[in-house]
Every structure is written in structure tokens, then in C-alpha cells.
Amino acid sequence: MSELIHRRPKSLNIVIWVFVLCWVVAAGFPFLWTMWGSFKVQGDFFSKADWTYAISGVRTQIETGGAFTGDGYFGAWVTKSFWTAALNTMIVVISVVVISLTLGTLGGYALARSGKKYAFYLLMLALVFRAMPHITLVSGYLLPFFEWNIWGHLPTAIIVMVAINQPFTLWMLHSFFLNIPKDLDESAMVDGCTRFQAFRRVIVPVMWPGVITTGLFSFLLAYNDFTVTATLLGQSSQTMVPKIASFLGTTQTEGNVMFAVAAVVSATAPLFILVMFFQRQIVSGLTAGAVKG
Amino acid sequence: MKNRTFFWFILPSLVTMMLFIALPIGSVFIQSLHIEHTTVLKEVKNCGPFGCKLEMQVDVDATSQLKKDRPLGKFNGFGTYKNRNHLAVSELSTAWTNSPTFGVFLSEAYNLPFYRALAFTLTYTFLVTPLVVMLGFCIALAVNSLPKRIKGPTIFVSLLPMIVTPLIGSLILFWMIDSEGILGASLQWIFEDPSLSLKASPTLTWAMLIVYGVWHSAPFAFIIFYAGLQTVPAETIEAAMIDGASRWERTRYVILPHLVPLIVFIALIQLMDNFRVFEPIVGFSAQASATSLSWIIFNDLAGGEGSFFGSAGATSVLTILGVAVLLIPVLFRTWRDFKGKVV
Amino acid sequence: MATLWGSRGGAVLDGEGSTEAVTSTTVLTGAPTWGNNARPASTLWWDGIAISANISDEDAEATFIAMMHGISSDVIKANNDATVWLGDGYTPSAASAGVTATAAGGAAPYPMLPFMGTLHGALGAEISDFLQGSESAEQALMDVEAAYTAAATEKGFLK
């Protein structure tokens, strides 16, 4: 764009800066604040006396002898073995991403190359499936899963999340494969390859940017899920998000808020790193469906 | 591509979707038509740490035998749909005849759990969606006019509310607005009301959840609008400037029309996503003042007071019907887009 | 004056999250009686032992022995302050004085009946309107009854 467009009156510039600043604070400050508070004791982070205790750490000084404490982290990770939940989350997330992408690339490729009417109807069906609230599907699983005794196992949750993830994965990879020129694999087939050989030798080497972007979103879906993991996994196979919910306590069981705060910060950290490294892919993935369509 | 090849490529994906998405939709419906068998009772002597007495107890053997014979339970038709905890047909018609004004009827209806959840779900959906579109658009315009160096970090921070786990995001905000947290305490100080608590008032709880919803989804709209802004042809804007169009006029008559397809896209996606609002209610422990359709289903399944599969099924079917209504414009739009393009 | 769960007493009296002003002036005592009754107007929610039906007999026996050991007076004496005990050999602390007094006064055990869960669900969902002041107690109780009737019918407790 030309320089002409960028020249703005000073007052408008101030408005823009103030607005962006407000938004950035609204978007970022809660995370900073919670991270800061996770190193305090409950009496400071939720102070009955004065909220500035959270900054000065008065009770933390009294109870632990320092301005910061790792008690919340120790309690969550060691005492309440949050690490098993972290491990379970890792297993679930990696499996979901790998299986989703394997099934999704095959299906997405077929949908992009078919050109038949039924491929379009399948895509429409996937759109309908994507719109289904996850909890309505879960209420269909629960009874049969109890009956077959497969409730509470990680593989059950994994395959369910793969299925829930498929419509989105199919759509995204389908639109990605559409952008890979048809001639590429078709010329390989002219050279005597079967369709699958052409896919493996010609398409697989060039598909990684799209697969990585789609994989990021599969990762986020599996990592952020609460509905499926909270209802299909039991105490022994719990993942991070339902575990955090259990730290909050119920009427019958006592919780520990500071454990939950520490666990929340621990669970958010990987997402921060993810956004830091893959910001470009996330942005392009979000816009792929919208801007082109 | 040959039909046969296509079939083998799509098969694994299709099988998982059919098994875990299509089949449950059917089984949920069948489930909703059944209720549990009537429990068989027997009289037994029960001794606890506080003495013995005769009491009626469930005959476990007889009841489980019934269950074994017919695992689905007792057929109840649409009874669960019509009962007080769902569509409440008879309660509503009584309220209709007995209510002097329409307002009274509405408040009677709001007293029923299904309609209460529906009221919140719809309010949330139809308030959050336009607010997200508006806020996202404003952020995109503002960020677009920042110097290049600052754009990257700004986008990074902006993505956080959307990327972070919904339950975690709502917990983080919930802890801040707790009356002992930073925002809650500040609000008490600003309004000079030490008893002010956002959690105690239903209205404020709704407002809080809606603010959360906008906070969580605005980045989505922002990113899409921001990308859309990059595609606005510079020549058109320059031509408008030469014609003497003011900044406001350029935004209104050049940029906005260019982004209309994106507004439609964001609105449709957001309508569907907001309709399933669930995690923030758990995170904010807001169920006393605000419940959603998804939340009632979750509560029926895993609320800690036993599972109500029939109820969960009935609410699920009703929710799916709601989603179907919201889906129609999406399907219509996709249909139209695709007709000329691919097939 | 406030009524609270007996097991929550400890959190009020310990140093963490509470202030000196609160801990030094708070005393926990048994539940009050009502009318001319000598019995405290409260119930005791005690923890029981459950062994699942699908484990082997040896496991069930071992579980039973382990759990009986867990509530023996030796264990109670060794872990006096870990929780509020109802067994022999327990010396009440300041935090559990209220619970012990209520138990000694002959409070009734909480009715552990299969449909109580359903009733809790109905109470939890409908009583909040009354507690928030947006509904009369009568209306809230009527709602509870209606919600319970629908849920208990589904559960097979009512015809």
C-alpha cells in the first residue's frame, strides 16, 4: 500500500494505540497475573484482607519465609501426582494427532481428487457432523461403553476424539490438496504408478506444510478437550484438564485452589510455546477456510 | 478417481465418523425413548453404627435381572421429552391458562430447567456472536494500522485467549473476578460496595459469561478480518481517496463491503460454536444462575448424582434439532459456493 | 453464628488462609436442637465401606481386612487429627469438637438410600432460586418436588 494511506491524524493514532493497548492488556494480563499468583499462597492470591497482598506477598512471607513459593506446584505435581495426568495428556494428544492426520490425509486426498458428486455430499455430511455438540455424542457413547467395559481407557477416548476431529481434518486437508496441482500425481500415474503409489511418492513429500497446520488444530482440539476426557476417563486415566477441575473440589471433597492455579499455569505453558513457534501456521490455518471460500 | 480407489482411501475416515458420530446420534434417540426399570423393593433389617431398624431396600438381584433381560430399560415413548425436566408440556399449558399476563407466563417458563437453559443458550449465542464480529473487526482495523514491528507480538498476545483451553481460560478469569481476587476487589472498591460479588447476582453472572465468550472468540474473528484486510485492493482505496472519500467513508464503503463474506463466515461458525457453550459454566461454577443445553446433558451424565441416560438423550436430541436449524444457512452457503466451483 | 459442614471446621481454625482475628475468636460446637427435642437438628454423614462385586473372593477378603484395620482404634489414635473419626479411641480436637458433640447428642445418621442422590440433584438445582432471593421457599420446594418426581420416575424409583 502506498504511503498516502498510512498518514493519519494524530488524534486517530492515539485512539488506535489506546484501543490496541486495552485489548493487549485484556488478552495477556490474566495469564501474567495467574502465573505471578501461582507462586504465592492462597492467603495472598485470594486475600480476604487486601488484594495488594498478591503483589507484596505478605502471607507468603509469613507462611513460607520467602516472597515466592513453589508449594502450589509441589502439591499439584508431586502430592496430587499431576504428572500422571500430564503423561496421559501426552499419550492422548500424540495419538490423536497421528491417527487423525493419517486418516485425514487419505480421506482428504480422495475427496480433493474425486470430482464425483458423492465426494461433495460427503463433505456436506462432514460439515453436519462438525456442528454436533460433543456432549450430545458422548451421551450416546456412555451406555454402550459401560456395557462393553471399555469405559475409562485411554484408547477409547483417543478413538472418540479422532472421530470427532475427522470432519474438520477432512475439510482442511481437502482444501489443501486442492491447491496441489492435479498434474503432479496424474503424470506419475501415467508413468505406471497406482493411485496409492502416486500418493505416497509424489504427494506425501509435498504435503507437509498443510499437514503441519492441520496437525496443530488437531493438537489443540485434543489438548483442550474437557467434554470427552471428563466423561469417558476415570480417576486412574485422567488427563490434565479434568484433573484440574477435580482440584477445585466438590461439596463432598476438599479441593486446593492453589494446586489448581499451579496446574493451570503448567497446562498453559505448552500452549504458549506452541503459539510462539507456530503463530504463522495457526494464522494461516484459521484463514484458509474463510478468506479463500 | 475411480470409485473403488476412492472407497479405499476414504474408508478408515468414514468408518470412524459413522461409528462415533452417526451411530451415537441414532443411539441417543433410542436411549431417550427409554427409562430405567421400576426398582424391586424388599424389606430388610439394616444395622449401621447408630443401631438397627427394619427398612425397605432395593432388591438388587431382582432389579439387575430385569436389567439383564432388557438392558435398554422400560420403553417410555416421548414421556421423557414431555416431563417437567424437559419440554414440560403440561406445566406449560397450565401456566398458559393461569397466567394473567404474558410476562408471568414467561417467568413461569423460566422456572423450568429446560427453558432456563434454552434462554441462556440463546442469549449467549445471539449476544456473543455479533459482539465477537464487532470487536474482532475493530481489533483487526487497529492492528492493521500499527507499525510492522509491533504487529507480530500483538498478534501473539491476541491469539492467547482463543488458543488456551476454554476451561482453563474461564478459570483464570473466574479467579480474578472472585471477590477476593484482583478484579473483584477492585470492583468492590470502585463501587464502594464491600458486599458486591459477581457470582451472587444472576444478571452479573450472565454478563460475566458473555464477556468471557467475547474474550475467548474475538481473536478468531480478528485473525480472519486481519487476513481479509490484507486482500483489500490498494488501488480501490486510493481511487476512493482521490475521489475525496473520508477515512470513515473508505472504511464504510470500501473495506466493509469487501469483508462481508468473512462476516457471514465468522457469524455462521460462531453461531454453531456458541450454541454449545459449556466449559465456561463449569469454570465459573455458574450453574446456579446460568445453565446451557450442553451443561444439562453433562450434568445428567456426570453430575455426581447418578446418570440419567434417558434425560441426557432427550436433551441431546432437542439440542441436535437446534443445531440443525442453525446449520441450514451454513449448508445453503456451502452448497451455493460449491455448485459452480468444484463439481 | 454460622452452620457449616463438620469436616470444614479445620479450615476455619488453621493458620492458613485465615487471620488471627478469626481463629482466636471462633469456637465450634454441636448442632443446635429444635423444639423441645434433645436430639441435635443435624445428621451425620459417615463414610462406609464398599467392595465391588466383580473382584475375586481373595481380593474381597484382603480388602475387607485392610479396611477394618484402617478404622481400628490403633490407626485412629495414630492419626487422630487427620480427619474427624467416629470410632473408639478418638480424642476430639478444637476443629472436631462440634461434630463429636453432635454425634454424642444422638443425631440421626444421614439416610443412605438409593434415591437420595436423585433428591440431592433436584435440591441442588432448584433451591438456589430461593437462596438467591428470587423465589419463595414454598415455590422452591414445589419445584424440588416436581424435579424429583420426574427424575425418580426415570430412575425407576417412582411409577
# chains A, B, ... in the order shown; residues from 1 in each chain; ligands from 1

call {"tool": "residues_around", "arguments": {"residues": "stretch 246-253 of chain B", "least_positions_apart": "6", "cutoff": "10 Å", "atoms": "only C-alpha atoms", "output": "list in words"}}
result
Ile5 and Arg8 of chain A; Leu141, Thr236, Ile237, Glu238 and Ala240 of chain B

call {"tool": "write_last_selection", "arguments": {"atoms": "N, CA, C and O atoms", "output": "short mmCIF file (atom, residue, chain, number, x, y, z; two decimals), in the first residue's frame"}}
result
data_model
loop_
_atom_site.label_atom_id
_atom_site.label_comp_id
_atom_site.auth_asym_id
_atom_site.auth_seq_id
_atom_site.Cartn_x
_atom_site.Cartn_y
_atom_site.Cartn_z
N ILE A 5 -1.86 6.17 2.34
CA ILE A 5 -2.88 5.56 3.19
C ILE A 5 -2.45 5.57 4.65
O ILE A 5 -3.26 5.67 5.56
N ARG A 8 -2.03 9.46 9.04
CA ARG A 8 -3.26 9.57 9.83
C ARG A 8 -3.19 10.79 10.72
O ARG A 8 -2.11 11.18 11.16
N LEU B 141 -8.79 -3.74 12.40
CA LEU B 141 -8.51 -2.41 11.83
C LEU B 141 -7.38 -1.74 12.57
O LEU B 141 -6.46 -1.17 11.97
N THR B 236 -8.28 0.33 -5.14
CA THR B 236 -9.63 0.79 -4.87
C THR B 236 -9.62 1.88 -3.79
O THR B 236 -10.32 2.89 -3.88
N ILE B 237 -8.81 1.63 -2.75
CA ILE B 237 -8.75 2.61 -1.66
C ILE B 237 -8.16 3.91 -2.16
O ILE B 237 -8.67 5.00 -1.87
N GLU B 238 -7.12 3.80 -2.96
CA GLU B 238 -6.50 5.02 -3.48
C GLU B 238 -7.48 5.78 -4.37
O GLU B 238 -7.59 7.00 -4.28
N ALA B 240 -10.65 5.75 -4.12
CA ALA B 240 -11.65 6.37 -3.24
C ALA B 240 -11.08 7.64 -2.63
O ALA B 240 -11.78 8.64 -2.46
#

call {"tool": "closest_atom_pairs", "arguments": {"of": "chain A", "to": "chain B", "cutoff": "6 Å", "atoms": "only C-alpha atoms", "output": "JSON lines"}}
result
{"residue": "A:Met1", "atom": "CA", "partner": "B:Ala234", "partner_atom": "CA", "distance": 5.7}
{"residue": "A:Ile16", "atom": "CA", "partner": "B:Ala142", "partner_atom": "CA", "distance": 5.5}
{"residue": "A:Ala27", "atom": "CA", "partner": "B:Ser158", "partner_atom": "CA", "distance": 5.9}
{"residue": "A:Gly28", "atom": "CA", "partner": "B:Val157", "partner_atom": "CA", "distance": 5.7}
{"residue": "A:Phe46", "atom": "CA", "partner": "B:Glu180", "partner_atom": "CA", "distance": 4.7}
{"residue": "A:Ser47", "atom": "CA", "partner": "B:Glu180", "partner_atom": "CA", "distance": 5.3}
{"residue": "A:Lys48", "atom": "CA", "partner": "B:Glu180", "partner_atom": "CA", "distance": 5.7}
{"residue": "A:Trp51", "atom": "CA", "partner": "B:Ile182", "partner_atom": "CA", "distance": 5.8}
{"residue": "A:Leu103", "atom": "CA", "partner": "B:Ser13", "partner_atom": "CA", "distance": 5.2}
{"residue": "A:Leu106", "atom": "CA", "partner": "B:Phe9", "partner_atom": "CA", "distance": 5.2}
{"residue": "A:Gly107", "atom": "CA", "partner": "B:Ile10", "partner_atom": "CA", "distance": 4.3}
{"residue": "A:Ala110", "atom": "CA", "partner": "B:Phe6", "partner_atom": "CA", "distance": 5.5}
{"residue": "A:Ser114", "atom": "CA", "partner": "B:Met1", "partner_atom": "CA", "distance": 4.8}
{"residue": "A:Gly115", "atom": "CA", "partner": "B:Val343", "partner_atom": "CA", "distance": 5.6}
{"residue": "A:Pro133", "atom": "CA", "partner": "B:Arg276", "partner_atom": "CA", "distance": 5.7}
{"residue": "A:Thr136", "atom": "CA", "partner": "B:Ser316", "partner_atom": "CA", "distance": 4.8}
{"residue": "A:Leu137", "atom": "CA", "partner": "B:Pro24", "partner_atom": "CA", "distance": 5.6}
{"residue": "A:Gly140", "atom": "CA", "partner": "B:Pro24", "partner_atom": "CA", "distance": 4.5}
{"residue": "A:Ala163", "atom": "CA", "partner": "B:Met17", "partner_atom": "CA", "distance": 5.2}
{"residue": "A:Asn224", "atom": "CA", "partner": "B:Thr165", "partner_atom": "CA", "distance": 4.5}
{"residue": "A:Thr287", "atom": "CA", "partner": "B:Ile224", "partner_atom": "CA", "distance": 5.3}

call {"tool": "write_last_selection", "arguments": {"atoms": "all heavy atoms", "output": "short mmCIF file (atom, residue, chain, number, x, y, z; two decimals), in the first residue's frame"}}
result
data_model
loop_
_atom_site.label_atom_id
_atom_site.label_comp_id
_atom_site.auth_asym_id
_atom_site.auth_seq_id
_atom_site.Cartn_x
_atom_site.Cartn_y
_atom_site.Cartn_z
N MET A 1 0.84 -1.20 0.00
CA MET A 1 0.00 0.00 0.00
C MET A 1 0.87 1.24 0.00
O MET A 1 1.98 1.24 0.52
CB MET A 1 -0.88 0.00 1.24
CG MET A 1 -2.20 -0.72 1.03
SD MET A 1 -3.31 -0.35 2.36
CE MET A 1 -3.76 -1.98 2.88
N ILE A 16 -6.21 4.65 18.29
CA ILE A 16 -5.80 3.30 17.88
C ILE A 16 -4.85 2.70 18.91
O ILE A 16 -5.01 1.56 19.34
CB ILE A 16 -5.13 3.35 16.48
CG1 ILE A 16 -6.19 3.61 15.43
CG2 ILE A 16 -4.39 2.05 16.19
CD1 ILE A 16 -5.65 3.81 14.05
N ALA A 27 -6.16 -9.32 26.81
CA ALA A 27 -5.84 -10.65 26.32
C ALA A 27 -4.68 -11.28 27.07
O ALA A 27 -4.65 -12.48 27.28
CB ALA A 27 -5.52 -10.59 24.82
N GLY A 28 -3.71 -10.47 27.47
CA GLY A 28 -2.49 -11.03 28.03
C GLY A 28 -2.38 -10.97 29.55
O GLY A 28 -1.84 -11.88 30.17
N PHE A 46 -5.83 -15.04 46.93
CA PHE A 46 -7.24 -14.76 47.24
C PHE A 46 -7.27 -14.13 48.62
O PHE A 46 -7.60 -14.78 49.60
CB PHE A 46 -8.07 -16.04 47.23
CG PHE A 46 -8.08 -16.73 45.92
CD1 PHE A 46 -7.20 -17.75 45.65
CD2 PHE A 46 -8.96 -16.34 44.93
CE1 PHE A 46 -7.19 -18.38 44.43
CE2 PHE A 46 -8.96 -16.97 43.70
CZ PHE A 46 -8.07 -18.00 43.45
N SER A 47 -6.88 -12.89 48.70
CA SER A 47 -6.70 -12.29 50.00
C SER A 47 -8.02 -11.79 50.57
O SER A 47 -8.74 -11.04 49.94
CB SER A 47 -5.71 -11.13 49.91
OG SER A 47 -5.54 -10.61 51.21
N LYS A 48 -8.32 -12.25 51.79
CA LYS A 48 -9.51 -11.74 52.46
C LYS A 48 -9.28 -10.32 52.94
O LYS A 48 -10.20 -9.55 53.10
CB LYS A 48 -9.87 -12.64 53.65
CG LYS A 48 -10.38 -14.01 53.25
CD LYS A 48 -10.92 -14.76 54.47
CE LYS A 48 -11.51 -16.09 54.10
NZ LYS A 48 -10.50 -17.11 53.75
N TRP A 51 -6.29 -6.94 48.42
CA TRP A 51 -5.83 -7.63 47.21
C TRP A 51 -4.38 -7.32 46.88
O TRP A 51 -3.74 -8.08 46.16
CB TRP A 51 -6.74 -7.32 46.02
CG TRP A 51 -6.67 -5.92 45.50
CD1 TRP A 51 -7.46 -4.88 45.86
CD2 TRP A 51 -5.74 -5.41 44.55
NE1 TRP A 51 -7.09 -3.76 45.19
CE2 TRP A 51 -6.03 -4.04 44.37
CE3 TRP A 51 -4.70 -5.97 43.81
CZ2 TRP A 51 -5.32 -3.22 43.50
CZ3 TRP A 51 -3.98 -5.15 42.95
CH2 TRP A 51 -4.30 -3.79 42.79
N LEU A 103 -5.61 -40.79 8.87
CA LEU A 103 -6.91 -41.00 8.25
C LEU A 103 -7.30 -39.79 7.40
O LEU A 103 -7.85 -39.92 6.31
CB LEU A 103 -7.99 -41.22 9.31
CG LEU A 103 -7.78 -42.36 10.30
CD1 LEU A 103 -9.04 -42.59 11.12
CD2 LEU A 103 -7.40 -43.64 9.58
N LEU A 106 -5.48 -39.41 3.88
CA LEU A 106 -6.03 -40.35 2.89
C LEU A 106 -7.39 -39.86 2.42
O LEU A 106 -7.65 -39.74 1.22
CB LEU A 106 -6.16 -41.75 3.51
CG LEU A 106 -4.85 -42.49 3.79
CD1 LEU A 106 -5.11 -43.76 4.54
CD2 LEU A 106 -4.13 -42.76 2.47
N GLY A 107 -8.27 -39.58 3.38
CA GLY A 107 -9.63 -39.15 3.03
C GLY A 107 -9.64 -37.82 2.32
O GLY A 107 -10.33 -37.65 1.31
N ALA A 110 -8.52 -38.15 -1.25
CA ALA A 110 -9.54 -38.76 -2.09
C ALA A 110 -10.63 -37.75 -2.42
O ALA A 110 -11.06 -37.63 -3.57
CB ALA A 110 -10.14 -39.98 -1.38
N SER A 114 -11.49 -36.68 -6.28
CA SER A 114 -12.59 -37.48 -6.82
C SER A 114 -13.34 -36.78 -7.93
O SER A 114 -13.47 -37.30 -9.03
CB SER A 114 -13.54 -37.86 -5.70
OG SER A 114 -14.74 -38.32 -6.25
N GLY A 115 -13.83 -35.58 -7.65
CA GLY A 115 -14.60 -34.86 -8.65
C GLY A 115 -15.99 -35.41 -8.87
O GLY A 115 -16.74 -34.93 -9.71
N PRO A 133 -22.80 -30.87 18.83
CA PRO A 133 -22.15 -30.62 20.11
C PRO A 133 -21.56 -31.93 20.66
O PRO A 133 -22.22 -32.96 20.63
CB PRO A 133 -23.30 -30.14 21.00
CG PRO A 133 -24.34 -29.66 20.05
CD PRO A 133 -24.21 -30.51 18.84
N THR A 136 -23.51 -34.15 23.13
CA THR A 136 -24.63 -34.97 22.67
C THR A 136 -24.12 -36.31 22.16
O THR A 136 -24.77 -37.33 22.32
CB THR A 136 -25.40 -34.28 21.54
OG1 THR A 136 -24.51 -34.07 20.45
CG2 THR A 136 -25.99 -32.97 21.96
N LEU A 137 -22.93 -36.31 21.54
CA LEU A 137 -22.35 -37.57 21.08
C LEU A 137 -21.95 -38.42 22.28
O LEU A 137 -22.21 -39.62 22.32
CB LEU A 137 -21.13 -37.31 20.20
CG LEU A 137 -21.39 -36.44 18.97
CD1 LEU A 137 -20.09 -36.20 18.22
CD2 LEU A 137 -22.40 -37.11 18.06
N GLY A 140 -24.43 -40.52 23.77
CA GLY A 140 -24.70 -41.74 23.03
C GLY A 140 -23.68 -42.84 23.31
O GLY A 140 -23.98 -44.01 23.21
N ALA A 163 -12.40 -39.46 15.90
CA ALA A 163 -13.63 -39.39 15.11
C ALA A 163 -14.21 -37.98 15.12
O ALA A 163 -14.58 -37.43 14.08
CB ALA A 163 -14.65 -40.39 15.64
N ASN A 224 -7.18 -29.38 24.45
CA ASN A 224 -8.13 -28.50 25.14
C ASN A 224 -9.43 -29.19 25.52
O ASN A 224 -10.27 -28.60 26.18
CB ASN A 224 -8.46 -27.29 24.26
CG ASN A 224 -7.30 -26.33 24.19
OD1 ASN A 224 -6.38 -26.42 24.99
ND2 ASN A 224 -7.35 -25.42 23.25
N THR A 287 -7.30 -18.81 8.58
CA THR A 287 -7.82 -18.02 7.48
C THR A 287 -8.06 -18.85 6.23
O THR A 287 -8.78 -18.42 5.35
CB THR A 287 -6.85 -16.88 7.15
OG1 THR A 287 -5.54 -17.45 7.04
CG2 THR A 287 -6.86 -15.85 8.23
#

call {"tool": "closest_atom_pairs", "arguments": {"of": "chain B", "to": "chain C", "cutoff": "6 Å", "atoms": "only C-alpha atoms", "output": "Markdown table"}}
result
| residue | atom | partner | partner_atom | distance |
| --- | --- | --- | --- | --- |
| B:Ile35 | CA | C:Glu154 | CA | 4.9 |
| B:Glu36 | CA | C:Lys155 | CA | 5.1 |
| B:His37 | CA | C:Gly156 | CA | 5.2 |
| B:Thr38 | CA | C:Gly156 | CA | 3.9 |
| B:Thr39 | CA | C:Gly156 | CA | 5.4 |
| B:Ala288 | CA | C:Ser128 | CA | 5.8 |
| B:Glu305 | CA | C:Gly117 | CA | 4.7 |

call {"tool": "write_last_selection", "arguments": {"atoms": "N, CA, C and O atoms", "output": "PDB file, in the first residue's frame"}}
result
ATOM      1  N   ILE B  35     -36.741 -45.437  29.857  1.00  0.00           N
ATOM      2  CA  ILE B  35     -36.377 -45.071  31.223  1.00  0.00           C
ATOM      3  C   ILE B  35     -35.974 -46.348  31.949  1.00  0.00           C
ATOM      4  O   ILE B  35     -36.186 -47.443  31.436  1.00  0.00           O
ATOM      5  N   GLU B  36     -35.413 -46.201  33.127  1.00  0.00           N
ATOM      6  CA  GLU B  36     -34.954 -47.388  33.840  1.00  0.00           C
ATOM      7  C   GLU B  36     -36.132 -48.200  34.355  1.00  0.00           C
ATOM      8  O   GLU B  36     -37.212 -47.675  34.605  1.00  0.00           O
ATOM      9  N   HIS B  37     -35.880 -49.514  34.558  1.00  0.00           N
ATOM     10  CA  HIS B  37     -36.916 -50.391  35.088  1.00  0.00           C
ATOM     11  C   HIS B  37     -37.314 -49.935  36.483  1.00  0.00           C
ATOM     12  O   HIS B  37     -36.494 -49.414  37.233  1.00  0.00           O
ATOM     13  N   THR B  38     -38.570 -50.172  36.835  1.00  0.00           N
ATOM     14  CA  THR B  38     -39.011 -49.863  38.183  1.00  0.00           C
ATOM     15  C   THR B  38     -38.245 -50.769  39.155  1.00  0.00           C
ATOM     16  O   THR B  38     -38.177 -51.977  38.945  1.00  0.00           O
ATOM     17  N   THR B  39     -37.635 -50.157  40.164  1.00  0.00           N
ATOM     18  CA  THR B  39     -36.832 -50.959  41.091  1.00  0.00           C
ATOM     19  C   THR B  39     -37.727 -51.854  41.935  1.00  0.00           C
ATOM     20  O   THR B  39     -38.808 -51.454  42.356  1.00  0.00           O
ATOM     21  N   ALA B 288     -25.849 -22.134  39.192  1.00  0.00           N
ATOM     22  CA  ALA B 288     -26.984 -21.650  39.963  1.00  0.00           C
ATOM     23  C   ALA B 288     -27.720 -20.538  39.216  1.00  0.00           C
ATOM     24  O   ALA B 288     -28.921 -20.367  39.389  1.00  0.00           O
ATOM     25  N   GLU B 305     -24.610 -37.258  40.769  1.00  0.00           N
ATOM     26  CA  GLU B 305     -25.795 -37.776  41.456  1.00  0.00           C
ATOM     27  C   GLU B 305     -26.405 -38.896  40.633  1.00  0.00           C
ATOM     28  O   GLU B 305     -27.616 -39.022  40.536  1.00  0.00           O
TER      29      GLU B 305
END

call {"tool": "closest_atom_pairs", "arguments": {"of": "chain A", "to": "chain C", "cutoff": "9 Å", "atoms": "only C-alpha atoms", "output": "tab-separated table"}}
result
residue	atom	partner	partner_atom	distance
A:Val41	CA	C:Gly17	CA	8.3
A:Gln42	CA	C:Gly17	CA	6.2
A:Gly43	CA	C:Gly17	CA	4.5
A:Asp44	CA	C:Gly17	CA	8.2
A:Phe46	CA	C:Gly17	CA	8.4
A:Ser47	CA	C:Gly17	CA	7.9
A:Lys48	CA	C:Gly17	CA	8.0
A:Ala49	CA	C:Thr19	CA	8.7
A:Arg59	CA	C:Gly17	CA	8.5
A:Glu63	CA	C:Glu16	CA	7.8
A:Glu254	CA	C:Arg8	CA	8.4

call {"tool": "write_last_selection", "arguments": {"atoms": "C-alpha atoms", "output": "CSV table (one decimal), in the first residue's frame"}}
result
chain,number,residue,atom,x,y,z
A,41,VAL,CA,0.0,-18.8,48.9
A,42,GLN,CA,-3.8,-18.8,48.9
A,43,GLY,CA,-4.0,-16.1,51.5
A,44,ASP,CA,-2.3,-13.8,49.1
A,46,PHE,CA,-7.2,-14.8,47.2
A,47,SER,CA,-6.7,-12.3,50.0
A,48,LYS,CA,-9.5,-11.7,52.5
A,49,ALA,CA,-7.7,-8.7,53.8
A,59,ARG,CA,1.1,-14.0,53.8
A,63,GLU,CA,3.9,-18.8,55.8
A,254,GLU,CA,-12.0,-30.7,49.8

call {"tool": "closest_atom_pairs", "arguments": {"of": "stretch 9-103 of chain A", "to": "stretch 207-214 of chain A", "cutoff": "10 Å", "atoms": "only C-alpha atoms", "output": "CSV"}}
result
residue,atom,partner,partner_atom,distance
A:Val97,CA,A:Thr214,CA,9.0
A:Ser100,CA,A:Thr214,CA,9.4
A:Leu101,CA,A:Val211,CA,7.1
A:Thr102,CA,A:Val211,CA,9.5

call {"tool": "write_last_selection", "arguments": {"atoms": "all heavy atoms", "output": "tab-separated table (two decimals), in the first residue's frame"}}
result
chain	number	residue	atom	x	y	z
A	97	VAL	N	-3.34	-36.85	17.26
A	97	VAL	CA	-2.79	-36.11	16.12
A	97	VAL	C	-2.33	-37.08	15.03
A	97	VAL	O	-2.69	-36.93	13.86
A	97	VAL	CB	-1.62	-35.21	16.58
A	97	VAL	CG1	-0.88	-34.64	15.38
A	97	VAL	CG2	-2.14	-34.09	17.46
A	100	SER	N	-5.43	-39.01	13.51
A	100	SER	CA	-6.29	-38.07	12.75
A	100	SER	C	-5.65	-37.73	11.42
A	100	SER	O	-6.32	-37.70	10.39
A	100	SER	CB	-6.46	-36.76	13.51
A	100	SER	OG	-7.23	-36.92	14.62
A	101	LEU	N	-4.35	-37.43	11.45
A	101	LEU	CA	-3.70	-36.99	10.23
A	101	LEU	C	-3.59	-38.13	9.23
A	101	LEU	O	-3.75	-37.92	8.03
A	101	LEU	CB	-2.32	-36.41	10.55
A	101	LEU	CG	-2.35	-35.07	11.26
A	101	LEU	CD1	-0.95	-34.59	11.55
A	101	LEU	CD2	-3.08	-34.03	10.43
A	102	THR	N	-3.32	-39.35	9.74
A	102	THR	CA	-3.22	-40.48	8.81
A	102	THR	C	-4.54	-40.69	8.09
A	102	THR	O	-4.60	-40.75	6.86
A	102	THR	CB	-2.84	-41.75	9.59
A	102	THR	OG1	-1.77	-41.43	10.47
A	102	THR	CG2	-2.43	-42.85	8.65

call {"tool": "select_by_dssp", "arguments": {"residues": "chain C", "states": "strand (DSSP E)", "output": "PyMOL selection string"}}
result
chain C and resi 43-44+108-109

call {"tool": "write_last_selection", "arguments": {"atoms": "N, CA and C atoms", "output": "PDB file, in the first residue's frame"}}
result
ATOM      1  N   THR C  43     -27.717 -34.241  60.797  1.00  0.00           N
ATOM      2  CA  THR C  43     -27.495 -35.650  60.510  1.00  0.00           C
ATOM      3  C   THR C  43     -26.006 -35.890  60.354  1.00  0.00           C
ATOM      4  N   LEU C  44     -25.607 -37.135  60.577  1.00  0.00           N
ATOM      5  CA  LEU C  44     -24.193 -37.481  60.445  1.00  0.00           C
ATOM      6  C   LEU C  44     -23.974 -38.198  59.136  1.00  0.00           C
ATOM      7  N   ALA C 108     -29.217 -38.235  64.125  1.00  0.00           N
ATOM      8  CA  ALA C 108     -29.546 -39.373  63.262  1.00  0.00           C
ATOM      9  C   ALA C 108     -28.512 -39.512  62.154  1.00  0.00           C
ATOM     10  N   PRO C 109     -28.236 -40.736  61.714  1.00  0.00           N
ATOM     11  CA  PRO C 109     -27.354 -40.890  60.559  1.00  0.00           C
ATOM     12  C   PRO C 109     -28.057 -40.390  59.303  1.00  0.00           C
TER      13      PRO C 109
END

call {"tool": "residues_around", "arguments": {"residues": "C:Thr83", "least_positions_apart": "4", "cutoff": "9 Å", "atoms": "only C-alpha atoms", "output": "list in words"}}
result
Ser7, Gly10, Asn79 and Ser96 of chain C
